[in-house]
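K.L.:
coords-v9.cif is the file, holding mmCIF, C-alpha atoms:
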```
data_upload
#
loop_
_atom_site.label_atom_id
_atom_site.label_comp_id
_atom_site.auth_asym_id
_atom_site.auth_seq_id
_atom_site.Cartn_x
_atom_site.Cartn_y
_atom_site.Cartn_z
CA MET A 1 42.49 -2.45 -1.29
CA SER A 2 39.77 -4.49 -2.87
CA ASP A 3 37.14 -3.18 -5.26
CA MET A 4 34.01 -1.54 -3.97
CA PHE A 5 30.52 -2.10 -5.24
CA GLN A 6 27.14 -0.65 -4.42
CA PHE A 7 25.14 -2.37 -1.70
CA ASP A 8 21.45 -1.72 -1.07
CA LEU A 9 19.19 -3.16 1.57
CA VAL A 10 15.54 -2.29 1.13
CA SER A 11 12.41 -3.43 2.90
CA PRO A 12 8.88 -2.66 1.69
CA GLU A 13 8.66 0.24 4.10
CA GLN A 14 12.06 1.86 3.80
CA ARG A 15 15.57 1.87 2.44
CA LEU A 16 17.73 0.61 5.28
CA ALA A 17 21.17 0.81 3.76
CA SER A 18 22.74 2.11 0.60
CA PHE A 19 26.49 2.46 0.43
CA GLY A 20 29.69 1.02 -1.00
CA ALA A 21 30.97 -2.31 0.23
CA THR A 22 33.85 -4.65 -0.50
CA ALA A 23 32.18 -7.88 0.59
CA VAL A 24 28.71 -8.97 1.63
CA ARG A 25 27.88 -12.22 3.37
CA LEU A 26 24.39 -13.52 2.72
CA PRO A 27 22.30 -16.39 4.09
CA ALA A 28 21.33 -17.63 0.61
CA ALA A 29 18.88 -20.45 -0.02
CA GLU A 30 21.63 -22.95 -0.76
CA GLY A 31 24.05 -21.95 1.98
CA GLU A 32 25.97 -18.91 3.10
CA MET A 33 27.62 -16.99 0.33
CA THR A 34 30.03 -14.09 0.21
CA VAL A 35 29.74 -11.66 -2.64
CA MET A 36 32.60 -9.48 -3.78
CA ALA A 37 32.98 -7.09 -6.67
CA GLY A 38 32.69 -8.70 -10.08
CA HIS A 39 30.46 -11.53 -8.91
CA ALA A 40 28.44 -13.30 -11.57
CA PRO A 41 24.83 -12.10 -11.81
CA VAL A 42 22.67 -14.18 -9.50
CA ILE A 43 19.18 -13.94 -8.14
CA SER A 44 18.68 -16.04 -5.05
CA THR A 45 16.16 -16.34 -2.32
CA LEU A 46 17.39 -15.74 1.21
CA ARG A 47 16.76 -17.62 4.41
CA PRO A 48 16.33 -15.96 7.78
CA GLY A 49 19.75 -14.94 9.01
CA VAL A 50 22.31 -12.20 9.27
CA VAL A 51 23.57 -10.10 6.37
CA ARG A 52 27.09 -8.91 7.05
CA ILE A 53 28.57 -6.03 5.09
CA GLU A 54 32.26 -5.20 4.96
CA GLY A 55 33.84 -2.16 3.46
CA GLY A 56 33.39 1.55 3.85
CA GLU A 57 30.45 1.27 6.17
CA SER A 58 30.36 -2.16 7.67
CA GLY A 59 27.28 -3.37 9.43
CA GLU A 60 25.12 -6.32 10.24
CA TYR A 61 21.44 -6.71 9.59
CA VAL A 62 19.01 -9.36 10.71
CA ILE A 63 16.48 -10.43 8.08
CA THR A 64 13.61 -12.91 8.12
CA GLY A 65 13.97 -13.85 4.48
CA GLY A 66 13.66 -12.22 1.11
CA PHE A 67 15.82 -12.31 -1.95
CA VAL A 68 18.99 -10.84 -3.36
CA GLU A 69 19.75 -9.54 -6.80
CA ILE A 70 23.43 -9.53 -7.69
CA GLY A 71 24.11 -7.72 -10.92
CA GLU A 72 26.45 -5.29 -12.60
CA GLY A 73 24.99 -2.43 -10.64
CA GLY A 74 25.84 -4.03 -7.32
CA VAL A 75 24.06 -6.08 -4.73
CA ALA A 76 20.48 -5.41 -3.74
CA VAL A 77 18.90 -7.27 -0.84
CA LEU A 78 15.12 -7.12 -0.74
CA ALA A 79 14.16 -8.24 2.72
CA GLU A 80 10.61 -8.67 3.87
CA ARG A 81 11.57 -7.52 7.35
CA ALA A 82 15.00 -6.32 8.43
CA TRP A 83 16.61 -4.81 11.48
CA ARG A 84 20.03 -3.46 12.26
CA ARG A 85 21.73 -6.04 14.43
CA GLY A 86 22.06 -3.75 17.45
CA ASP A 87 18.37 -2.83 17.44
CA ASP A 88 15.70 -4.65 19.33
CA TRP A 89 14.55 -7.23 16.81
CA ARG A 90 14.32 -10.32 18.98
CA GLY A 91 10.70 -9.91 20.00
CA ASP A 92 9.59 -9.34 16.42
CA VAL A 93 11.42 -12.39 15.10
CA GLN A 94 9.97 -14.45 17.93
CA ALA A 95 6.52 -13.23 16.93
CA VAL A 96 7.12 -14.30 13.31
CA LEU A 97 8.34 -17.69 14.54
CA ASP A 98 5.28 -18.14 16.73
CA GLN A 99 3.00 -17.20 13.87
CA VAL A 100 4.64 -19.63 11.46
CA SER A 101 4.66 -22.42 14.05
CA ALA A 102 1.00 -21.88 14.81
CA GLY A 103 0.07 -22.12 11.14
CA ARG A 104 2.35 -25.09 10.48
CA ASP A 105 -0.04 -27.93 11.16
CA SER A 106 -3.07 -26.39 9.60
CA ALA A 107 -1.24 -25.23 6.48
CA ALA A 108 -0.15 -28.47 4.85
CA PRO A 109 -0.03 -32.19 5.57
CA ALA A 110 3.26 -33.89 6.42
CA GLY A 111 5.35 -34.92 3.45
CA ASP A 112 4.11 -32.03 1.34
CA GLY A 113 6.59 -29.60 -0.17
CA ASP A 114 4.99 -26.66 1.56
CA ARG A 115 5.27 -28.42 4.87
CA ASP A 116 8.98 -29.05 4.35
CA ALA A 117 9.50 -25.40 3.49
CA THR A 118 7.64 -24.38 6.61
CA ASP A 119 9.71 -26.70 8.79
CA LEU A 120 12.87 -25.30 7.26
CA LEU A 121 11.69 -21.77 7.96
CA ILE A 122 10.94 -22.64 11.58
CA ALA A 123 14.37 -24.24 11.98
CA ASP A 124 16.09 -21.23 10.43
CA LEU A 125 14.23 -18.75 12.59
CA GLY A 126 15.00 -20.80 15.70
CA ALA A 127 18.65 -20.99 14.75
CA LEU A 128 18.75 -17.27 14.12
CA LEU A 129 17.39 -16.56 17.58
CA LYS A 130 19.80 -18.98 19.21
CA LYS A 131 22.88 -18.05 17.24
CA THR A 132 22.74 -14.39 17.98
CA SER A 133 21.69 -14.66 21.59
CA ALA A 134 25.22 -15.29 22.79
CA MET B 1 -36.46 38.32 6.37
CA PRO B 2 -34.40 36.78 9.18
CA SER B 3 -34.06 38.80 12.34
CA LEU B 4 -30.77 40.30 13.45
CA LYS B 5 -30.36 37.64 16.10
CA ASP B 6 -30.89 34.85 13.57
CA LEU B 7 -28.27 36.35 11.31
CA ARG B 8 -25.80 36.71 14.14
CA ASN B 9 -26.32 33.05 15.10
CA ARG B 10 -25.80 31.90 11.55
CA ILE B 11 -22.61 33.88 11.17
CA GLU B 12 -21.30 32.36 14.39
CA SER B 13 -22.10 28.84 13.27
CA VAL B 14 -20.52 29.28 9.85
CA LYS B 15 -17.45 30.72 11.55
CA SER B 16 -17.06 27.67 13.74
CA THR B 17 -17.56 25.41 10.72
CA ARG B 18 -14.79 27.30 8.98
CA LYS B 19 -12.54 26.77 11.97
CA ILE B 20 -13.15 23.03 11.84
CA THR B 21 -12.59 22.67 8.11
CA LYS B 22 -9.46 24.80 8.37
CA ALA B 23 -8.12 22.56 11.11
CA MET B 24 -8.97 19.43 9.13
CA GLN B 25 -7.20 20.85 6.12
CA MET B 26 -4.04 21.47 8.10
CA VAL B 27 -4.15 18.03 9.70
CA ALA B 28 -4.61 16.48 6.24
CA ALA B 29 -1.65 18.47 4.94
CA ALA B 30 0.57 17.13 7.70
CA LYS B 31 -0.66 13.58 7.18
CA LEU B 32 -0.24 13.92 3.43
CA ARG B 33 3.43 14.71 3.90
CA ARG B 34 3.88 11.63 6.02
CA ALA B 35 1.95 9.46 3.56
CA GLN B 36 4.00 10.78 0.66
CA ASP B 37 7.22 10.05 2.52
CA ALA B 38 6.01 6.52 3.19
CA ALA B 39 5.09 6.03 -0.46
CA GLU B 40 8.49 7.38 -1.47
CA ALA B 41 10.28 5.05 0.96
CA GLY B 42 8.44 2.02 -0.37
CA ARG B 43 9.24 2.72 -3.99
CA PRO B 44 12.76 1.20 -4.31
CA TYR B 45 11.52 -2.16 -3.04
CA ALA B 46 8.50 -2.22 -5.30
CA GLU B 47 10.50 -1.18 -8.37
CA ARG B 48 13.17 -3.82 -7.90
CA MET B 49 10.58 -6.45 -7.13
CA ASP B 50 8.74 -5.56 -10.33
CA ALA B 51 11.90 -5.60 -12.39
CA VAL B 52 13.04 -8.99 -11.12
CA LEU B 53 9.60 -10.51 -11.41
CA GLY B 54 9.18 -9.08 -14.89
CA ARG B 55 12.42 -10.61 -16.06
CA LEU B 56 11.63 -13.94 -14.46
CA ALA B 57 8.11 -13.96 -15.80
CA ALA B 58 9.35 -13.28 -19.31
CA SER B 59 11.71 -16.25 -19.22
CA VAL B 60 9.31 -18.70 -17.60
CA LYS B 61 6.23 -17.68 -19.55
CA GLY B 62 4.91 -20.32 -21.84
CA SER B 63 6.59 -23.18 -20.07
CA ALA B 64 4.21 -25.70 -18.60
CA SER B 65 5.75 -25.47 -15.17
CA ALA B 66 4.91 -21.78 -14.74
CA PRO B 67 3.23 -21.21 -11.37
CA ARG B 68 -0.50 -20.64 -11.37
CA LEU B 69 -0.10 -17.18 -9.91
CA LEU B 70 1.60 -16.20 -13.15
CA SER B 71 -0.17 -18.29 -15.77
CA GLY B 72 -3.61 -18.14 -14.18
CA THR B 73 -6.05 -20.96 -13.73
CA GLY B 74 -6.76 -21.13 -17.42
CA ALA B 75 -10.20 -19.64 -16.98
CA ASP B 76 -11.52 -16.17 -16.32
CA GLN B 77 -14.95 -17.06 -15.09
CA THR B 78 -14.78 -15.76 -11.55
CA HIS B 79 -13.41 -12.30 -10.85
CA LEU B 80 -12.40 -10.95 -7.49
CA LEU B 81 -12.53 -7.19 -7.14
CA ILE B 82 -10.53 -5.84 -4.24
CA VAL B 83 -11.94 -2.39 -3.59
CA MET B 84 -9.70 -0.18 -1.49
CA THR B 85 -11.22 2.88 0.06
CA ALA B 86 -10.77 5.03 3.13
CA GLU B 87 -12.04 4.46 6.62
CA ARG B 88 -13.31 8.01 6.86
CA GLY B 89 -15.35 10.36 4.80
CA LEU B 90 -15.06 14.12 4.26
CA CYS B 91 -12.51 13.70 1.53
CA GLY B 92 -14.37 14.90 -1.53
CA GLY B 93 -14.94 12.36 -4.26
CA PHE B 94 -12.16 10.07 -3.09
CA ASN B 95 -14.30 7.12 -2.03
CA SER B 96 -17.04 7.58 -4.60
CA SER B 97 -14.63 7.63 -7.53
CA ILE B 98 -13.16 4.25 -6.60
CA VAL B 99 -16.58 2.80 -5.92
CA LYS B 100 -17.86 4.13 -9.22
CA LEU B 101 -15.04 2.47 -11.13
CA ALA B 102 -15.49 -0.80 -9.28
CA ARG B 103 -19.24 -0.75 -9.77
CA ALA B 104 -18.89 -0.15 -13.50
CA ARG B 105 -16.46 -3.07 -13.73
CA ALA B 106 -18.73 -5.33 -11.70
CA GLU B 107 -21.69 -4.53 -13.90
CA GLU B 108 -19.69 -5.01 -17.08
CA LEU B 109 -18.48 -8.42 -15.90
CA THR B 110 -21.90 -9.49 -14.73
CA ALA B 111 -23.34 -8.52 -18.10
CA LYS B 112 -20.80 -10.80 -19.74
CA GLY B 113 -22.01 -13.65 -17.59
CA LYS B 114 -18.99 -13.76 -15.29
CA THR B 115 -19.19 -14.33 -11.58
CA VAL B 116 -18.07 -11.36 -9.53
CA LYS B 117 -16.89 -11.42 -5.94
CA ILE B 118 -15.96 -8.35 -3.96
CA LEU B 119 -13.46 -7.95 -1.16
CA THR B 120 -13.53 -4.55 0.46
CA VAL B 121 -10.73 -2.78 2.24
CA GLY B 122 -11.87 0.24 4.19
CA LYS B 123 -15.27 0.98 5.64
CA LYS B 124 -16.50 3.64 3.25
CA GLY B 125 -16.38 1.55 0.12
CA ARG B 126 -18.21 -1.23 1.87
CA GLU B 127 -21.00 1.12 2.90
CA GLN B 128 -21.38 2.50 -0.61
CA LEU B 129 -21.30 -0.86 -2.37
CA LYS B 130 -23.58 -2.56 0.11
CA ARG B 131 -26.76 -1.28 -1.46
CA GLY B 132 -26.26 -2.51 -5.01
CA HIS B 133 -23.73 -5.29 -4.63
CA GLY B 134 -23.97 -6.43 -1.03
CA ASP B 135 -24.66 -10.00 -2.09
CA LEU B 136 -21.27 -10.20 -3.82
CA PHE B 137 -19.21 -9.49 -0.70
CA ILE B 138 -16.95 -12.30 0.37
CA GLY B 139 -14.75 -10.49 2.83
CA HIS B 140 -13.64 -7.25 4.36
CA ALA B 141 -10.31 -6.02 5.66
CA ASP B 142 -10.77 -3.63 8.52
CA LEU B 143 -8.10 -0.97 8.80
CA SER B 144 -9.99 1.35 11.13
CA GLY B 145 -7.61 0.70 14.03
CA VAL B 146 -4.54 1.31 11.88
CA LYS B 147 -2.89 4.69 12.13
CA ALA B 148 -0.35 4.36 9.35
CA VAL B 149 -0.56 1.43 6.96
CA GLY B 150 2.39 -0.91 7.30
CA TYR B 151 3.58 -3.86 5.29
CA GLU B 152 1.90 -6.06 7.94
CA ASN B 153 -1.51 -4.90 6.77
CA ALA B 154 -0.74 -5.56 3.13
CA HIS B 155 0.68 -8.93 4.06
CA GLU B 156 -2.51 -9.93 5.86
CA ILE B 157 -4.69 -8.92 2.95
CA ALA B 158 -2.39 -10.71 0.52
CA ALA B 159 -2.43 -13.87 2.64
CA ASP B 160 -6.23 -13.81 2.64
CA VAL B 161 -6.38 -13.29 -1.13
CA LEU B 162 -3.80 -15.99 -1.84
CA ALA B 163 -5.59 -18.49 0.40
CA ARG B 164 -8.79 -17.84 -1.52
CA PHE B 165 -6.93 -18.24 -4.80
CA ASP B 166 -5.46 -21.56 -3.68
CA ALA B 167 -8.93 -22.68 -2.66
CA GLY B 168 -10.10 -21.93 -6.19
CA GLU B 169 -12.51 -19.20 -5.21
CA PHE B 170 -11.59 -16.96 -8.14
CA ASP B 171 -9.57 -16.88 -11.35
CA VAL B 172 -8.68 -13.21 -11.73
CA ALA B 173 -8.07 -10.60 -9.04
CA THR B 174 -8.06 -6.87 -9.63
CA ILE B 175 -7.33 -4.14 -7.12
CA PHE B 176 -9.07 -0.77 -7.21
CA PHE B 177 -7.38 2.21 -5.66
CA ASN B 178 -6.61 5.87 -6.23
CA ARG B 179 -3.25 6.66 -7.72
CA PHE B 180 -1.80 9.82 -6.27
CA ARG B 181 -0.77 12.36 -8.88
CA SER B 182 -1.11 15.61 -7.00
CA VAL B 183 -3.13 17.17 -4.23
CA ILE B 184 -5.91 18.05 -6.63
CA SER B 185 -5.70 15.02 -8.87
CA GLN B 186 -6.09 11.40 -7.83
CA ILE B 187 -6.71 8.86 -10.52
CA PRO B 188 -8.95 5.89 -9.76
CA THR B 189 -7.01 2.90 -11.04
CA ALA B 190 -7.72 -0.77 -11.57
CA ARG B 191 -4.78 -3.15 -11.67
CA GLN B 192 -4.84 -6.86 -12.20
CA ILE B 193 -2.65 -8.65 -9.68
CA ILE B 194 -3.58 -12.30 -10.25
CA PRO B 195 -2.55 -13.67 -12.68
CA ALA B 196 0.42 -11.33 -12.55
CA SER B 197 1.03 -9.18 -15.59
CA PHE B 198 4.35 -7.50 -16.24
CA GLU B 199 4.30 -6.83 -19.96
CA ASP B 200 5.77 -3.34 -19.89
CA GLN B 201 8.62 -4.07 -17.50
CA ALA B 202 9.53 -7.27 -19.27
CA ALA B 203 9.90 -5.39 -22.52
CA GLU B 204 12.17 -2.81 -20.89
CA THR B 205 14.50 -5.13 -19.08
CA GLY B 206 14.31 -7.98 -21.53
CA GLY B 207 17.52 -7.53 -23.47
CA SER B 208 19.75 -5.61 -21.10
CA GLY B 209 22.57 -7.02 -19.04
CA ALA B 210 23.96 -10.48 -18.60
CA PRO B 211 21.48 -13.22 -17.81
CA HIS B 212 21.21 -14.03 -14.13
CA ASP B 213 21.76 -17.35 -12.48
CA TYR B 214 18.94 -18.41 -10.23
CA GLU B 215 19.27 -20.18 -6.93
CA PRO B 216 17.67 -22.58 -6.20
CA SER B 217 16.05 -22.50 -9.68
CA GLU B 218 14.05 -20.14 -11.85
CA GLU B 219 10.81 -21.81 -10.84
CA GLY B 220 11.82 -21.97 -7.20
CA VAL B 221 12.68 -18.29 -7.04
CA LEU B 222 9.54 -17.38 -8.93
CA ALA B 223 7.32 -19.48 -6.69
CA ASP B 224 8.85 -17.74 -3.69
CA LEU B 225 8.63 -14.27 -5.17
CA LEU B 226 5.16 -14.21 -6.69
CA PRO B 227 3.27 -14.19 -3.37
CA ARG B 228 5.61 -11.45 -2.18
CA GLY B 229 4.92 -9.61 -5.38
CA VAL B 230 1.18 -9.72 -4.67
CA ALA B 231 1.76 -8.37 -1.16
CA THR B 232 4.06 -5.68 -2.51
CA GLN B 233 1.50 -4.52 -5.06
CA ILE B 234 -1.21 -4.41 -2.43
CA PHE B 235 1.11 -2.51 -0.13
CA ALA B 236 1.99 -0.02 -2.87
CA ALA B 237 -1.72 0.46 -3.57
CA LEU B 238 -2.43 1.02 0.12
CA LEU B 239 0.29 3.65 0.29
CA GLU B 240 -0.92 5.41 -2.84
CA ASN B 241 -4.43 5.30 -1.44
CA ALA B 242 -3.34 6.78 1.88
CA ALA B 243 -1.59 9.66 0.14
CA SER B 244 -4.54 10.19 -2.20
CA GLU B 245 -7.01 10.20 0.68
CA GLN B 246 -5.15 12.93 2.50
CA GLY B 247 -4.68 14.87 -0.71
CA ALA B 248 -8.37 14.63 -1.53
CA ARG B 249 -9.32 15.61 2.00
CA MET B 250 -6.97 18.55 1.89
CA SER B 251 -8.43 19.99 -1.28
CA ALA B 252 -12.01 19.24 -0.18
CA MET B 253 -11.44 20.99 3.13
CA ASP B 254 -9.69 23.86 1.38
CA SER B 255 -12.72 24.55 -0.78
CA ALA B 256 -15.02 24.08 2.21
CA THR B 257 -13.01 26.67 4.10
CA ARG B 258 -13.18 29.07 1.19
CA ASN B 259 -16.90 28.48 0.84
CA ALA B 260 -17.44 29.21 4.50
CA GLY B 261 -15.46 32.44 4.13
CA GLU B 262 -17.66 33.58 1.25
CA MET B 263 -20.77 32.68 3.20
CA ILE B 264 -19.58 34.70 6.18
CA ASP B 265 -18.95 37.74 3.96
CA LYS B 266 -22.39 37.46 2.42
CA LEU B 267 -24.11 37.01 5.76
CA THR B 268 -22.13 39.88 7.28
CA ILE B 269 -23.25 42.23 4.52
CA GLN B 270 -26.83 41.10 4.99
CA PHE B 271 -26.47 41.57 8.73
CA ASN B 272 -25.08 45.11 8.36
CA ARG B 273 -27.81 46.09 5.91
CA SER B 274 -30.55 44.81 8.17
CA ARG B 275 -29.04 46.59 11.14
CA GLN B 276 -28.82 49.81 9.15
CA ALA B 277 -32.42 49.36 8.06
CA VAL B 278 -33.50 49.00 11.66
CA ILE B 279 -31.60 52.14 12.65
CA THR B 280 -33.04 54.10 9.75
CA ASN B 281 -36.51 52.95 10.70
CA GLU B 282 -36.05 54.07 14.26
CA LEU B 283 -34.75 57.45 13.13
CA ILE B 284 -37.74 57.95 10.84
CA GLU B 285 -40.04 57.12 13.69
CA ILE B 286 -38.35 59.63 15.99
CA ILE B 287 -38.26 62.40 13.40
CA SER B 288 -41.85 61.91 12.32
CA GLY B 289 -42.83 61.81 15.96
CA ALA B 290 -41.03 65.11 16.57
CA GLU B 291 -42.62 66.73 13.46
CA ALA B 292 -46.08 65.69 14.54
CA LEU B 293 -45.75 67.69 17.74
#
```
Show me this structure written as structure tokens.
P.N.:
Amino acid sequence: MSDMFQFDLVSPEQRLASFGATAVRLPAAEGEMTVMAGHAPVISTLRPGVVRIEGGESGEYVITGGFVEIGEGGVAVLAERAWRRGDDWRGDVQAVLDQVSAGRDSAAPAGDGDRDATDLLIADLGALLKKTSA
Amino acid sequence: MPSLKDLRNRIESVKSTRKITKAMQMVAAAKLRRAQDAAEAGRPYAERMDAVLGRLAASVKGSASAPRLLSGTGADQTHLLIVMTAERGLCGGFNSSIVKLARARAEELTAKGKTVKILTVGKKGREQLKRGHGDLFIGHADLSGVKAVGYENAHEIAADVLARFDAGEFDVATIFFNRFRSVISQIPTARQIIPASFEDQAAETGGSGAPHDYEPSEEGVLADLLPRGVATQIFAALLENAASEQGARMSAMDSATRNAGEMIDKLTIQFNRSRQAVITNELIEIISGAEAL
């Protein structure tokens, strides 16, 4: 049996999950990463995607971005918006995608860093909707 | 001397007022519970956000590449005051106390020769500030259709504020809201959100624990987090305000109910005395009439 650590998932409005886990898979800014007990302390931003928790209480959560703090006390995901995978989140994510797409052209000119970030966000959100639709 | 009928009418009207204030008090109590729960639920996020931002800010501070949201524009000429009040009245001094604080700050800054701009959240503050400082308004966030404030609302306000900051409309932003301490005590508070200040947290978390790695980079994470931090602080303030509003309304309505009760007692005594006086008068008339025969 592998070591357990504390996992927390909080959004601005509520605490969605708080329990022990053996492994957490995260859609980190620089690629998917799996965190297990004893991981080096890292703070990373997260892309839209699915957070997968294994261990005592396994579960999957859909997030639209946020950041993660990995420290000695465990793993804390701070998501701007998050849903349990089984819940009805599709419409909300679609709404976020529409909003971002609508603001894309007015926000920044092509070639700008902000524009690239926006395009990446749109691609990630689209992929999230597609990936989990099957 | 009011007639018996007048007195009876007044007692009736005070009684119905008491019924209304009593009902409002109970509604406020129920809403207060919900608002407190919401504030409680939002706390873990805000605390962690503050801690992480504080640590990051401490390590990036001083470097030339620090984002403008943290280091400021280098000037403090133009101040934006974000005044958060309620959409409704009948909550004691709740709205006035925030407005008073904001007005004092605006006057102090104006006296120093600074430019002041005001963004109002909530109808009541706007109405109260309109008279003296209406020319300083640059925007208003309307929450009248919102039943329970959500992160959405804070996000919208934050997006508006950040867009104005990027456009160079102001150098320093301060939010004004009521911090909830208890049902009878709400503290009007001013907190500077741009440029961000985290001195106390940074001192606490500065030395503890192993240093974190940052992905993609310290600056990258910070640039991503700071706007969220602004939204989080606005959200926290909105939640505190919502709880304070209900608390203030509850205690205001409680004293109104008690007042009405006292008034009813007083009027009832007056009513009984007048009625007795009328009866006595009638008796005297009858007796003196009988004696005269």
K.L.:
Considering only C-alpha atoms, state which residue in the set B:Phe94, B:Phe137, B:Tyr45, B:Phe165 is at the smallest distance from chain A.
P.N.:
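Of the candidates, the smallest distance to chain A is held by B:Tyr45.
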K.L.:
For Arg85 of chain A, which residue out of A:Ile122, A:Leu128, A:Ala23, A:Val62 is the nearest one, using all atoms listed in the file?
P.N.:
A:Val62
K.L.:
Pull out every residue of chain B that has at least one atom within 10 Å of chain A, counting all atoms listed in the file, and report them as a count of residues only.
P.N.:
40
K.L.:
Selection in question (the file shown): the PyMOL selection byres ((chain B and resi 187) around 9). Which residues does it include, as number ranges by chain?
P.N.:
B: 97-98, 177-181, 185-186, 188-189, 244
K.L.:
Run the PyMOL selection byres ((chain B and resi 78) around 9) on the file and write out the hits as a list in words.
P.N.:
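Answer for the PyMOL selection byres ((chain B and resi 78) around 9): Ala75, Asp76, Gln77, His79, Leu80, Lys114, Thr115, Val116, Lys117, Glu169, Phe170, Asp171, Val172 and Ala173 of chain B.
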K.L.:
I'd like the interatomic distance between atom CA of His140 of chain B and atom CA of Thr120 of chain B, to a tenth of an Å.
P.N.:
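These two atoms are separated by 4.7 Å.
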K.L.:
Expanded to explicit residues, what is the PyMOL selection byres ((chain A and resi 84) around 7) for this file, as a PyMOL selection string?
P.N.:
chain A and resi 60-62+82-83+85-87
K.L.:
Which value, in Å to one decimal, gives the distance between atom CA of Pro67 of chain B and atom CA of Val100 of chain A?
P.N.:
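About the pair atom CA of Pro67 of chain B and atom CA of Val100 of chain A: they are 22.9 Å apart.
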K.L.:
Give me the residues near Gly20 of chain A as a PyMOL selection string, where near means some atom within 6 Å (using all atoms listed in the file) and where sequence neighbours in that chain fewer than 4 positions away do not count.
P.N.:
chain A and resi 4-7
K.L.:
Hey, can you check how far atom CA of Gln99 of chain A sits from atom CA of Asp166 of chain B?
P.N.:
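About the pair atom CA of Gln99 of chain A and atom CA of Asp166 of chain B: they are 20.0 Å apart.
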